[in-house]
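Q: Submitted below is the structure of interest, expressed as structure tokens.
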Number of protein chains: 2
Amino acid sequence: MTTEFAPPGPLDARDATRLRVLQCIRSAGAISRTDIAQALDSSPATVTSACVALLEAGLIREEQRPPSENVQRGRPRVMLQINGDALAVAGMKVARDAILVMIADFKGDEIGTYVSPLAQSRMSPDQLVQEVRRALDAACAALDMSPDQIAGLSLGMPGFVNGESSFMHWSSSVTERNVNFAPLFRRDLPCPTFLDNDANLVAKAEHLFGAGKGLRNFLVVTIEHGVGMGIVLNGELYRGERGCGAEFGHMKVQFGGALCQCGQRGCLEAYVGDYAMVRDAFTGRQVDAAKTIQDILDAARGGDTLAQEVLDRASQILGVALANLVNLFDPEHIVLARSRPPFDHPYSETLLNALRQNTVQVDAPLPEITVRNLNEMMWAKGATAHGIEMVTLLKLRGEGAEDAA
Amino acid sequence: MTTEFAPPGPLDARDATRLRVLQCIRSAGAISRTDIAQALDSSPATVTSACVALLEAGLIREEQRPPSENVQRGRPRVMLQINGDALAVAGMKVARDAILVMIADFKGDEIGTYVSPLAQSRMSPDQLVQEVRRALDAACAALDMSPDQIAGLSLGMPGFVNGESSFMHWSSSVTERNVNFAPLFRRDLPCPTFLDNDANLVAKAEHLFGAGKGLRNFLVVTIEHGVGMGIVLNGELYRGERGCGAEFGHMKVQFGGALCQCGQRGCLEAYVGDYAMVRDAFTGRQVDAAKTIQDILDAARGGDTLAQEVLDRASQILGVALANLVNLFDPEHIVLARSRPPFDHPYSETLLNALRQNTVQVDAPLPEITVRNLNEMMWAKGATAHGIEMVTLLKLRGEGAEDAA
DNA sequence: AAAATTTAATTTTCTCGGTGAAATAATTGT
DNA sequence: ACAATTATTTCACCGAGAAAATTAAATTTT
């Protein structure tokens with residue numbers, strides 16, 4: 001077992017082909033060599049040799065009994081599929097009060113989840129890495145696994161992060177700025193570890209497994225306490241020049257508008273983030289307990305005019321902001337991802353109207369909008385998707401190295 | 001002389017290396033084979049063979065007298081440079097009252113310009129192509145050239161255009177919607193002709209020859225009658241899924257705000273476009289003649305408070321809108337391109353302040369902002385840049401085909 | 001049931017772009 | 001003139017991918 005946790009660099013031509021074949025199999029679920037060749041527009045010979053390598057590496061396997069559905073003449077196709085048992089990865093999300101952990105197999109299927117509570121919501125880098133270690137060990141223990149079985153760990157974190165170098169410019173979870181986490185990970189964690197912005201990871205998950213499968217240009221907008229975004233352009237995650245783009249939550253939608261937690265005014269987040277809506281809906285009222293978004297939804301359903309107004313305004317503002325994204329990026333698809341509590345019907349209706357009314361008018365139809373009501377674990381699941389991708393690259397490079405040795 | 005005007009498709013590996021070498025030479029101005037090999041991280045042998053092909057095709061040439069500056073021991077390097085005389089391209093911009101033409105050599109240097117007046121600002125597709133033909137012939141005549149000498153024509157047009165297929169969804173210059181210009185070009189024009197959005201072409205020019213040279217992520221914002229944008233991401237022009245993105249001018253900056261020429265409210269353009277500023281500065285006044293932006297600038301300098309306010313507000317709004325772009329794209333660089341009349345000092349100051357105050361705070365410095373005061377011909381020049389790129393691709397593919405024949 | 005047919009996958013042979021090593025070219029320094 | 005140095009070219013080779021031929025595994029026909 002190697003101990004080199006270098007970030008996966010560019011692949012040579014051969015490994016790139018193997019990766020393409022692997023991704024083709026992954027996105028198809030089960031597919032024959034012939035169909036892979038057709039899908040990738042390459043020769044059967046190339047596919048065969050790539051599959052030999054992937055089979056030897058244990059990353060894929062042949063389906064044993066094709067249920068002989070549509071029986072054809074000729075030699076039957078052998079279906080290939082991802083070998084889920086090949087390895088396991090851990091995906092984690094640093095939230096305010098806990099680290100959320102999901103362990104997934106190589107297929108992306110959940111093996112189990114775990115919530116590791118945090119004493120404070122802000123920590124030093126060292127403390128954070130220790131907490132990650134603790135979370136990993138506890139999750140493995142709870143799932144009856146050994147940490148050795150984890151082939152890679154992907155960590156999602158709010159803030160400005162350069163995912164390629166594991167360098168964090170700033171995060172609300174960390175007391176320091178400008179921290180290079182790579183050496184800390186190497187020192188304290190038993191497996192290759194990758195860091196990225198949390199919304200980027202959700203986008204990656206949608207790209208690999210979700211609504212963005214196979215798409216080249218799409219956006220994932222996360223709406224929770226704050227508002228985040230992941231951008232996939234030309235089939236790749238777009239991170240910006242310094243890893244601090246995609247700050248949809250801080251797009252200014254009103255001059256001198258509502259105060260945002262970032263200290264500026266008029267940010268989208270200051271209108272549609274959970275904290276902002278709670279603030280607006282309960283300002284100046286006698287409130288006996290801490291209120292949440294759920295209380296607003298309940299109040300609105302119960303006929304509370306102010307609550308209804310707050311929801312309505314938020315929907316409208318979000319719709320206009322999304323229209324801005326459509327006008328700028330012209331994406332194929334937008335995924336609105338939210339954990340608890342889910343988007344409501346009236347919410348979506350107002351939103352879609354505002355969207356339609358504020359996009360530039362073309363004959364072509366609007367991009368599709370998918371609303372995803374998930375649970376908190378969507379963040380950790382996003383991280384597993386990224387982890388699987390990273391570990392795959394390591395594996396391919398690793399196998400290549402073995403050949404050479 | 002071939003007559004196949006097929007759009008340049010993807011290149012094979014060999015032509016791709018030749019193209020990389022050519023671009024390396026172009027961006028360096030003059031460079032030796034050894035340095036090219038180093039810059040492209042490839043072997044000297046590869047560079048040699050690519051250069052042989054490029055020299056044979058006449059696209060580059062060896063510099064005759066290296067002025068023996070820093071004399072070194074050993075065999076002196078032979079400097080290679082683009083052969084400007086290799087070919088000429090025409091760049092055109094469809095403006096409201098004229099087609100602006102620039103003829104440039106293969107180096108990108110201007111051979112000459114020409115303005116071909118238009119009777120109407122909106123035409124049928126056929127009429128437009130005829131006008132283009134007329135403009136080409138007239139420009140060539142004026143510059144003492146034959147249209148046969150033009151290796152390619154690139155046409156910039158406002159509106160939603162798919163640059164890869166020459167399909168126009170909509171343009172303010174054309175009376176019809178959803179027109180495929182490719183067959184019209186083939187029918188009526190004597191050389192390969194390419195269509196794209198005008199702002200995209202300015203971005204291309206900045207990328208090849210201007211402030212964006214060598215950059216991977218940058219934006220070009222054009223501010224004139226309307227507001228446009230070209231986006232370069234990962235070193236390539238980003239056009240969106242359907243070719244109707246980058247509509248920065250129609251980003252909503254105010255709910256229910258000022259009326260835009262697109263019919264919607266609150267668009268950036270409705271605050272900072274020329275027409276909007278003129279409208280704001282002279283509404284409700286006794287005006288004796290048609291006013292222009294220049295009149296506002298003059299009035300403001302002369303102490304006119306309303307004019308000053310209009311300028312100030314436009315600067316501030318543009319600054320906030322640019323901050324949104326920075327927050328979303330995190331670019332290396334933003335070019336503000338404008339022809340007549342130039343940005344003023346106070347304009348830029350207010351703008352930069354608004355920009356600073358509305359970008360997400362990171363330790364990393366803001367992207368650089370270049371203000372470009374150009375003349376009307378910047379649009380046509382942008383088109384020549386694109387034309388050069390397209391014709392280069394044709395040439396490379398063409399030479400390959402000749403080899404085969 | 002054997003042979004023919006059909007489709008899938010593998011093996012073989014070949015092509016071609018790129019590379020390293022060796023050769024050649026064009027200088028300066030002694 | 002000759003050695004040293006650096007740039008470029010030539011040449012033999014490698015390796016990834018492709019076309020063609022072969023083998024494999026089924027069904028259909030006879």
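Labeling convention for the structure tokens: chains A, B, ... as they appear, residues from 1 per chain, ligands from 1 in order of appearance.
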Kindly provide the residues of chain B that approach chain A to within 8 Å, each paired with its closest atom pair and their distance in Å to one decimal, based on only C-alpha atoms, listed by chain and increasing number, as CSV.

A:
```
residue,atom,partner,partner_atom,distance
B:His169,CA,A:Val362,CA,7.1
B:Trp170,CA,A:Val362,CA,7.3
B:Asn217,CA,A:Glu241,CA,6.6
B:Arg239,CA,A:Asp330,CA,8.0
B:Gly240,CA,A:Asp330,CA,4.7
B:Glu241,CA,A:Pro331,CA,5.6
B:Arg242,CA,A:Asp330,CA,6.7
B:Gly243,CA,A:Asp330,CA,7.4
B:Cys244,CA,A:Asp330,CA,6.1
B:Gly245,CA,A:Asp330,CA,4.4
B:Ala246,CA,A:Leu328,CA,4.3
B:Glu247,CA,A:Asn327,CA,5.2
B:Phe248,CA,A:Leu328,CA,6.2
B:His250,CA,A:Asn327,CA,7.1
B:Met251,CA,A:Asn324,CA,5.1
B:Lys252,CA,A:Asn324,CA,6.4
B:Val253,CA,A:Val253,CA,5.8
B:Gln254,CA,A:Gln254,CA,5.6
B:Phe255,CA,A:Gln254,CA,7.3
B:Cys262,CA,A:Val360,CA,7.9
B:Gln264,CA,A:Asn358,CA,6.8
B:Val320,CA,A:Lys252,CA,7.2
B:Ala321,CA,A:Lys252,CA,7.7
B:Ala323,CA,A:Met251,CA,8.0
B:Asn324,CA,A:Met251,CA,5.2
B:Val326,CA,A:Gly245,CA,7.1
B:Asn327,CA,A:Glu247,CA,5.2
B:Leu328,CA,A:Ala246,CA,4.3
B:Phe329,CA,A:Gly245,CA,5.1
B:Asp330,CA,A:Gly245,CA,4.5
B:Pro331,CA,A:Glu241,CA,5.6
B:Glu332,CA,A:Glu241,CA,5.9
B:Gln357,CA,A:Gln264,CA,7.7
B:Asn358,CA,A:Gln264,CA,6.8
B:Val360,CA,A:His250,CA,7.1
B:Val362,CA,A:His169,CA,7.1
B:Asp363,CA,A:His169,CA,7.3
B:Ala364,CA,A:Arg242,CA,7.8
```

Q: Find the spatial neighbours of Thr384 (chain B), counting only C-alpha atoms (C1' of nucleotides), within a cut-off of 9 Å - ignore same-chain residues fewer than 4 positions away - and output them as a PyMOL selection string.

A: chain B and resi 89-92+102-105+108+152-155+201+205+379-380+388-389

Q: Select from region 143-337 of chain B everything DSSP, run on the backbone, classes as helix (DSSP H, G or I), then give the selection as an MDAnalysis selection string.

A: chainID B and resid 147:149 182:188 198:208 248:250 269:272 274:282 293:301 305:329

Q: As a list in words, could you give me every residue of chain D near chain B (at most 10 Å apart, counting only C-alpha atoms (C1' of nucleotides))?

A: DA4, DT5, DT6, DA7, DT8, DT9 and DT10 of chain D

Q: Could you write those residues out with C-alpha atoms (C1' of nucleotides), as a PDB file, in the first residue's frame?

A:
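Output file result06.pdb is given in full below:
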```pdb
ATOM      1  C1'  DA D   4      33.695  24.469 -27.517  1.00  0.00           C
ATOM      2  C1'  DT D   5      28.996  25.580 -27.526  1.00  0.00           C
ATOM      3  C1'  DT D   6      24.391  25.944 -28.826  1.00  0.00           C
ATOM      4  C1'  DA D   7      20.548  25.239 -32.422  1.00  0.00           C
ATOM      5  C1'  DT D   8      18.434  22.448 -35.543  1.00  0.00           C
ATOM      6  C1'  DT D   9      17.706  18.340 -38.218  1.00  0.00           C
ATOM      7  C1'  DT D  10      17.764  13.380 -39.165  1.00  0.00           C
TER       8       DT D  10
END
```

Q: Compile the contact shell of region 11-23 of chain C as a list of chain:residue names: residues with an atom at most 10 Å away, counting only C-alpha atoms (C1' of nucleotides), same-chain residues fewer than 3 positions apart removed.

A: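 Contacts, with the query itself left out: A:Ala45, B:Ala13, B:Arg14, B:Thr17, B:Ser42, B:Ser43, B:Pro44, B:Ala45, B:Thr46, D:DT9, D:DT10, D:DC11, D:DA12, D:DC13, D:DC14, D:DG15, D:DA16, D:DG17, D:DA18, D:DA19, D:DA20, D:DA21, D:DT22, D:DT23.
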
Q: Within 6 Å of chain B, which residues of chain C come that close, and what is the closest atom pair and distance in Å for each? Count only C-alpha atoms (C1' of nucleotides) and give it as CSV.

A:
```
residue,atom,partner,partner_atom,distance
C:DA26,C1',B:Arg75,CA,4.4
C:DT27,C1',B:Arg75,CA,4.3
C:DT28,C1',B:Arg73,CA,4.7
```

Q: Can you spit out the residues from that selection as a PDB file, in the first residue's frame, using all heavy atoms?

A:
```pdb
ATOM      1  P    DA C  26      24.656  26.036 -41.863  1.00  0.00           P
ATOM      2  OP1  DA C  26      23.523  26.639 -42.590  1.00  0.00           O
ATOM      3  OP2  DA C  26      25.898  25.653 -42.549  1.00  0.00           O
ATOM      4  O5'  DA C  26      25.057  27.025 -40.668  1.00  0.00           O
ATOM      5  C5'  DA C  26      24.039  27.489 -39.785  1.00  0.00           C
ATOM      6  C4'  DA C  26      24.694  28.174 -38.623  1.00  0.00           C
ATOM      7  O4'  DA C  26      25.301  27.191 -37.763  1.00  0.00           O
ATOM      8  C3'  DA C  26      25.799  29.169 -38.999  1.00  0.00           C
ATOM      9  O3'  DA C  26      25.593  30.374 -38.302  1.00  0.00           O
ATOM     10  C2'  DA C  26      27.079  28.468 -38.556  1.00  0.00           C
ATOM     11  C1'  DA C  26      26.556  27.676 -37.359  1.00  0.00           C
ATOM     12  N9   DA C  26      27.387  26.525 -36.979  1.00  0.00           N
ATOM     13  C8   DA C  26      27.987  25.618 -37.795  1.00  0.00           C
ATOM     14  N7   DA C  26      28.668  24.687 -37.158  1.00  0.00           N
ATOM     15  C5   DA C  26      28.496  25.010 -35.826  1.00  0.00           C
ATOM     16  C6   DA C  26      28.964  24.420 -34.629  1.00  0.00           C
ATOM     17  N6   DA C  26      29.734  23.323 -34.600  1.00  0.00           N
ATOM     18  N1   DA C  26      28.611  24.994 -33.465  1.00  0.00           N
ATOM     19  C2   DA C  26      27.841  26.084 -33.499  1.00  0.00           C
ATOM     20  N3   DA C  26      27.340  26.737 -34.563  1.00  0.00           N
ATOM     21  C4   DA C  26      27.709  26.138 -35.697  1.00  0.00           C
ATOM     22  P    DT C  27      25.876  31.749 -38.948  1.00  0.00           P
ATOM     23  OP1  DT C  27      24.575  32.302 -39.344  1.00  0.00           O
ATOM     24  OP2  DT C  27      26.957  31.590 -39.932  1.00  0.00           O
ATOM     25  O5'  DT C  27      26.412  32.596 -37.732  1.00  0.00           O
ATOM     26  C5'  DT C  27      27.757  32.399 -37.280  1.00  0.00           C
ATOM     27  C4'  DT C  27      27.754  32.071 -35.791  1.00  0.00           C
ATOM     28  O4'  DT C  27      27.810  30.648 -35.628  1.00  0.00           O
ATOM     29  C3'  DT C  27      28.978  32.601 -35.072  1.00  0.00           C
ATOM     30  O3'  DT C  27      28.688  33.896 -34.532  1.00  0.00           O
ATOM     31  C2'  DT C  27      29.151  31.611 -33.945  1.00  0.00           C
ATOM     32  C1'  DT C  27      28.493  30.337 -34.446  1.00  0.00           C
ATOM     33  N1   DT C  27      29.448  29.227 -34.727  1.00  0.00           N
ATOM     34  C2   DT C  27      30.015  28.561 -33.669  1.00  0.00           C
ATOM     35  O2   DT C  27      29.815  28.825 -32.512  1.00  0.00           O
ATOM     36  N3   DT C  27      30.861  27.539 -34.030  1.00  0.00           N
ATOM     37  C4   DT C  27      31.197  27.142 -35.319  1.00  0.00           C
ATOM     38  O4   DT C  27      31.982  26.218 -35.523  1.00  0.00           O
ATOM     39  C5   DT C  27      30.568  27.889 -36.382  1.00  0.00           C
ATOM     40  C7   DT C  27      30.856  27.549 -37.807  1.00  0.00           C
ATOM     41  C6   DT C  27      29.728  28.899 -36.047  1.00  0.00           C
ATOM     42  P    DT C  28      29.914  34.838 -34.156  1.00  0.00           P
ATOM     43  OP1  DT C  28      29.367  36.166 -33.843  1.00  0.00           O
ATOM     44  OP2  DT C  28      30.952  34.664 -35.181  1.00  0.00           O
ATOM     45  O5'  DT C  28      30.450  34.175 -32.811  1.00  0.00           O
ATOM     46  C5'  DT C  28      29.673  34.227 -31.608  1.00  0.00           C
ATOM     47  C4'  DT C  28      30.466  33.637 -30.460  1.00  0.00           C
ATOM     48  O4'  DT C  28      30.923  32.301 -30.799  1.00  0.00           O
ATOM     49  C3'  DT C  28      31.739  34.414 -30.087  1.00  0.00           C
ATOM     50  O3'  DT C  28      31.885  34.403 -28.662  1.00  0.00           O
ATOM     51  C2'  DT C  28      32.847  33.650 -30.782  1.00  0.00           C
ATOM     52  C1'  DT C  28      32.325  32.209 -30.693  1.00  0.00           C
ATOM     53  N1   DT C  28      32.799  31.320 -31.778  1.00  0.00           N
ATOM     54  C2   DT C  28      33.440  30.156 -31.448  1.00  0.00           C
ATOM     55  O2   DT C  28      33.648  29.790 -30.309  1.00  0.00           O
ATOM     56  N3   DT C  28      33.835  29.398 -32.528  1.00  0.00           N
ATOM     57  C4   DT C  28      33.662  29.686 -33.867  1.00  0.00           C
ATOM     58  O4   DT C  28      34.064  28.936 -34.743  1.00  0.00           O
ATOM     59  C5   DT C  28      32.980  30.938 -34.141  1.00  0.00           C
ATOM     60  C7   DT C  28      32.739  31.357 -35.561  1.00  0.00           C
ATOM     61  C6   DT C  28      32.588  31.692 -33.100  1.00  0.00           C
TER      62       DT C  28
END
```

Q: Taking the DSSP secondary structure from the backbone, can you list the residues of region 28-196 of chain B that are strand (DSSP E), as a ChimeraX atom specification?

A: /B:30-32,60-62,79-82,88-94,98-105,110-117,150-157,160-162,167-170,179-180,193-196

Q: Tell me which protein, DNA and RNA residues are within 9 Å of Glu62 (chain B), counting only C-alpha atoms (C1' of nucleotides), leaving out same-chain ones fewer than 5 positions away, and put them as a PyMOL selection string.

A: chain B and resi 55+78-83

Q: Between CA of Ala199 (chain A) and CA of Thr222 (chain A), what is the distance, to one decimal in Å?

A: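 Straight-line distance from CA of Ala199 (chain A) to CA of Thr222 (chain A) works out to 6.7 Å.
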
Q: Have a look at CA of Ser348 (chain A) and CA of Asp198 (chain A) and let me know their distance in Å, one decimal.

A: 24.0 Å
